[in-house]
file query.txt (compact mmCIF, C-alpha atoms)
# COMPACT_ATOMS: atom_id res chain seq x y z
CA MET W 1 42.65 -40.94 63.89
CA THR W 2 39.75 -38.77 62.73
CA ALA W 3 38.74 -38.05 59.16
CA ALA W 4 40.57 -35.18 57.53
CA THR W 5 38.84 -31.87 58.07
CA ARG W 6 38.40 -29.35 55.33
CA SER W 7 39.87 -25.91 55.71
CA SER W 8 37.27 -23.31 56.62
CA THR W 9 39.27 -20.60 54.84
CA PRO W 10 37.84 -20.00 51.38
CA GLN W 11 40.28 -20.20 48.50
CA PRO W 12 40.35 -17.04 46.36
CA GLU W 13 40.14 -19.09 43.15
CA GLN W 14 36.93 -20.77 44.29
CA VAL W 15 35.43 -17.50 45.50
CA ARG W 16 36.35 -15.79 42.23
CA ALA W 17 34.79 -18.61 40.20
CA LYS W 18 31.53 -18.45 42.18
CA LEU W 19 31.26 -14.66 42.00
CA THR W 20 32.10 -14.39 38.31
CA GLY W 21 29.61 -17.18 37.58
CA LEU W 22 26.87 -15.31 39.43
CA LEU W 23 27.78 -12.10 37.64
CA GLU W 24 27.65 -13.82 34.23
CA THR W 25 24.22 -15.22 35.08
CA LEU W 26 23.02 -11.69 35.81
CA LYS W 27 24.55 -10.26 32.64
CA ARG W 28 22.70 -12.84 30.49
CA ALA W 29 19.38 -12.33 32.29
CA ASP W 30 16.44 -10.16 31.28
CA ALA W 31 15.06 -10.19 34.83
CA LEU W 32 16.43 -11.15 38.22
CA PRO W 33 16.94 -14.93 38.10
CA TRP W 34 16.01 -15.31 41.75
CA ALA W 35 12.95 -14.99 43.93
CA ASP W 36 12.93 -12.00 46.31
CA ARG W 37 14.33 -13.95 49.24
CA GLU W 38 17.25 -15.38 47.26
CA ALA W 39 17.94 -11.97 45.69
CA ARG W 40 18.18 -10.44 49.18
CA LEU W 41 20.51 -13.26 50.21
CA TRP W 42 22.86 -12.64 47.26
CA ARG W 43 22.79 -8.85 47.79
CA THR W 44 24.16 -9.54 51.27
CA THR W 45 26.41 -12.51 50.52
CA PHE W 46 28.05 -11.35 47.28
CA PRO W 47 29.79 -8.31 48.86
CA GLN W 48 30.86 -10.40 51.85
CA MET W 49 32.41 -13.03 49.61
CA THR W 50 34.49 -10.39 47.82
CA ARG W 51 36.44 -9.87 51.06
CA TRP W 52 38.51 -12.93 50.14
CA LEU W 53 39.82 -11.22 46.99
CA PRO W 54 42.27 -8.36 46.43
CA ASP W 55 40.70 -4.96 47.14
CA ASP W 56 40.71 -3.66 43.57
CA GLU W 57 39.17 -6.86 42.20
CA ALA W 58 36.63 -6.97 45.03
CA SER W 59 35.55 -3.38 44.38
CA ALA W 60 35.11 -4.02 40.66
CA LEU W 61 33.04 -7.16 41.26
CA ARG W 62 30.80 -5.42 43.81
CA ARG W 63 30.27 -2.48 41.44
CA ASP W 64 29.42 -4.79 38.52
CA PHE W 65 27.09 -6.88 40.68
CA GLU W 66 25.16 -3.88 41.96
CA ARG W 67 24.89 -2.42 38.46
CA GLU W 68 23.41 -5.69 37.14
CA VAL W 69 21.01 -6.09 40.07
CA GLU W 70 19.80 -2.52 39.61
CA ARG W 71 19.36 -3.12 35.88
CA LEU W 72 17.30 -6.25 36.50
CA ALA W 73 15.37 -5.31 39.63
CA PRO W 74 11.83 -4.12 39.04
CA SER W 75 11.32 -0.48 39.93
CA PRO W 76 9.08 0.31 42.94
CA SER W 77 6.33 1.54 40.59
CA THR W 78 6.50 -1.72 38.60
CA ARG W 79 6.23 -3.78 41.77
CA ALA W 80 3.20 -1.79 42.92
CA SER W 81 1.40 -2.33 39.61
CA VAL W 82 2.07 -6.08 39.66
CA ARG W 83 0.30 -6.58 42.97
call {"tool": "encode", "arguments": {"input": "query.txt", "output": "structure tokens"}}
result
Amino acid sequence: MTAATRSSTPQPEQVRAKLTGLLETLKRADALPWADREARLWRTTFPQMTRWLPDDEASALRRDFEREVERLAPSPSTRASVR
């Protein structure tokens, strides 16, 4: 008999815990806590992960995430002056 395989279907509780943890990290931050590449990854992955949650909860999490990322992301003019 083979070793037990894990389910590939994410559990809403685990998804919720991961997303709320990421959101709390952003809320406590004064700047994006990730390098550009990781920030791009989370901007893609976070909304996809919300698909495993009820629609109203998913929408609220996506809205909160985007608000925090926008608050923390340097403006285009700031990025140009840093170079």
call {"tool": "residues_around", "arguments": {"input": "query.txt", "residues": "W:Ala39", "least_positions_apart": "3", "cutoff": "12 Å", "atoms": "only C-alpha atoms", "output": "list in words"}}
result
Leu22, Leu26, Ala31, Leu32, Pro33, Trp34, Ala35, Asp36, Trp42, Arg43, Thr44, Thr45, Phe46, Phe65, Glu66, Glu68, Val69, Glu70, Leu72, Ala73 and Pro74 of chain W
call {"tool": "atom_distance", "arguments": {"input": "query.txt", "atom1": "atom CA of W:Gly21", "atom2": "atom CA of W:Arg71"}}
result
17.5 Å
call {"tool": "closest_residue", "arguments": {"input": "query.txt", "among": "W:Lys27, W:Arg67, W:Arg51, W:Arg62", "to": "W:Val15", "atoms": "all atoms listed in the file"}}
result
W:Arg51
call {"tool": "atom_distance", "arguments": {"input": "query.txt", "atom1": "atom CA of W:Met49", "atom2": "atom CA of W:Gln14"}}
result
10.4 Å
call {"tool": "residues_around", "arguments": {"input": "query.txt", "residues": "stretch 53-60 of chain W", "least_positions_apart": "5", "cutoff": "8 Å", "atoms": "all atoms listed in the file", "output": "list in words"}}
result
Pro12, Val15, Arg16 and Pro47 of chain W
call {"tool": "closest_residue", "arguments": {"input": "query.txt", "among": "W:Ala29, W:Glu38, W:Thr50, W:Leu23", "to": "W:Pro10", "atoms": "all atoms listed in the file"}}
result
W:Thr50
call {"tool": "closest_residue", "arguments": {"input": "query.txt", "among": "W:Asp30, W:Gln48, W:Ser8, W:Leu19", "to": "W:Asp64", "atoms": "all atoms listed in the file"}}
result
W:Leu19
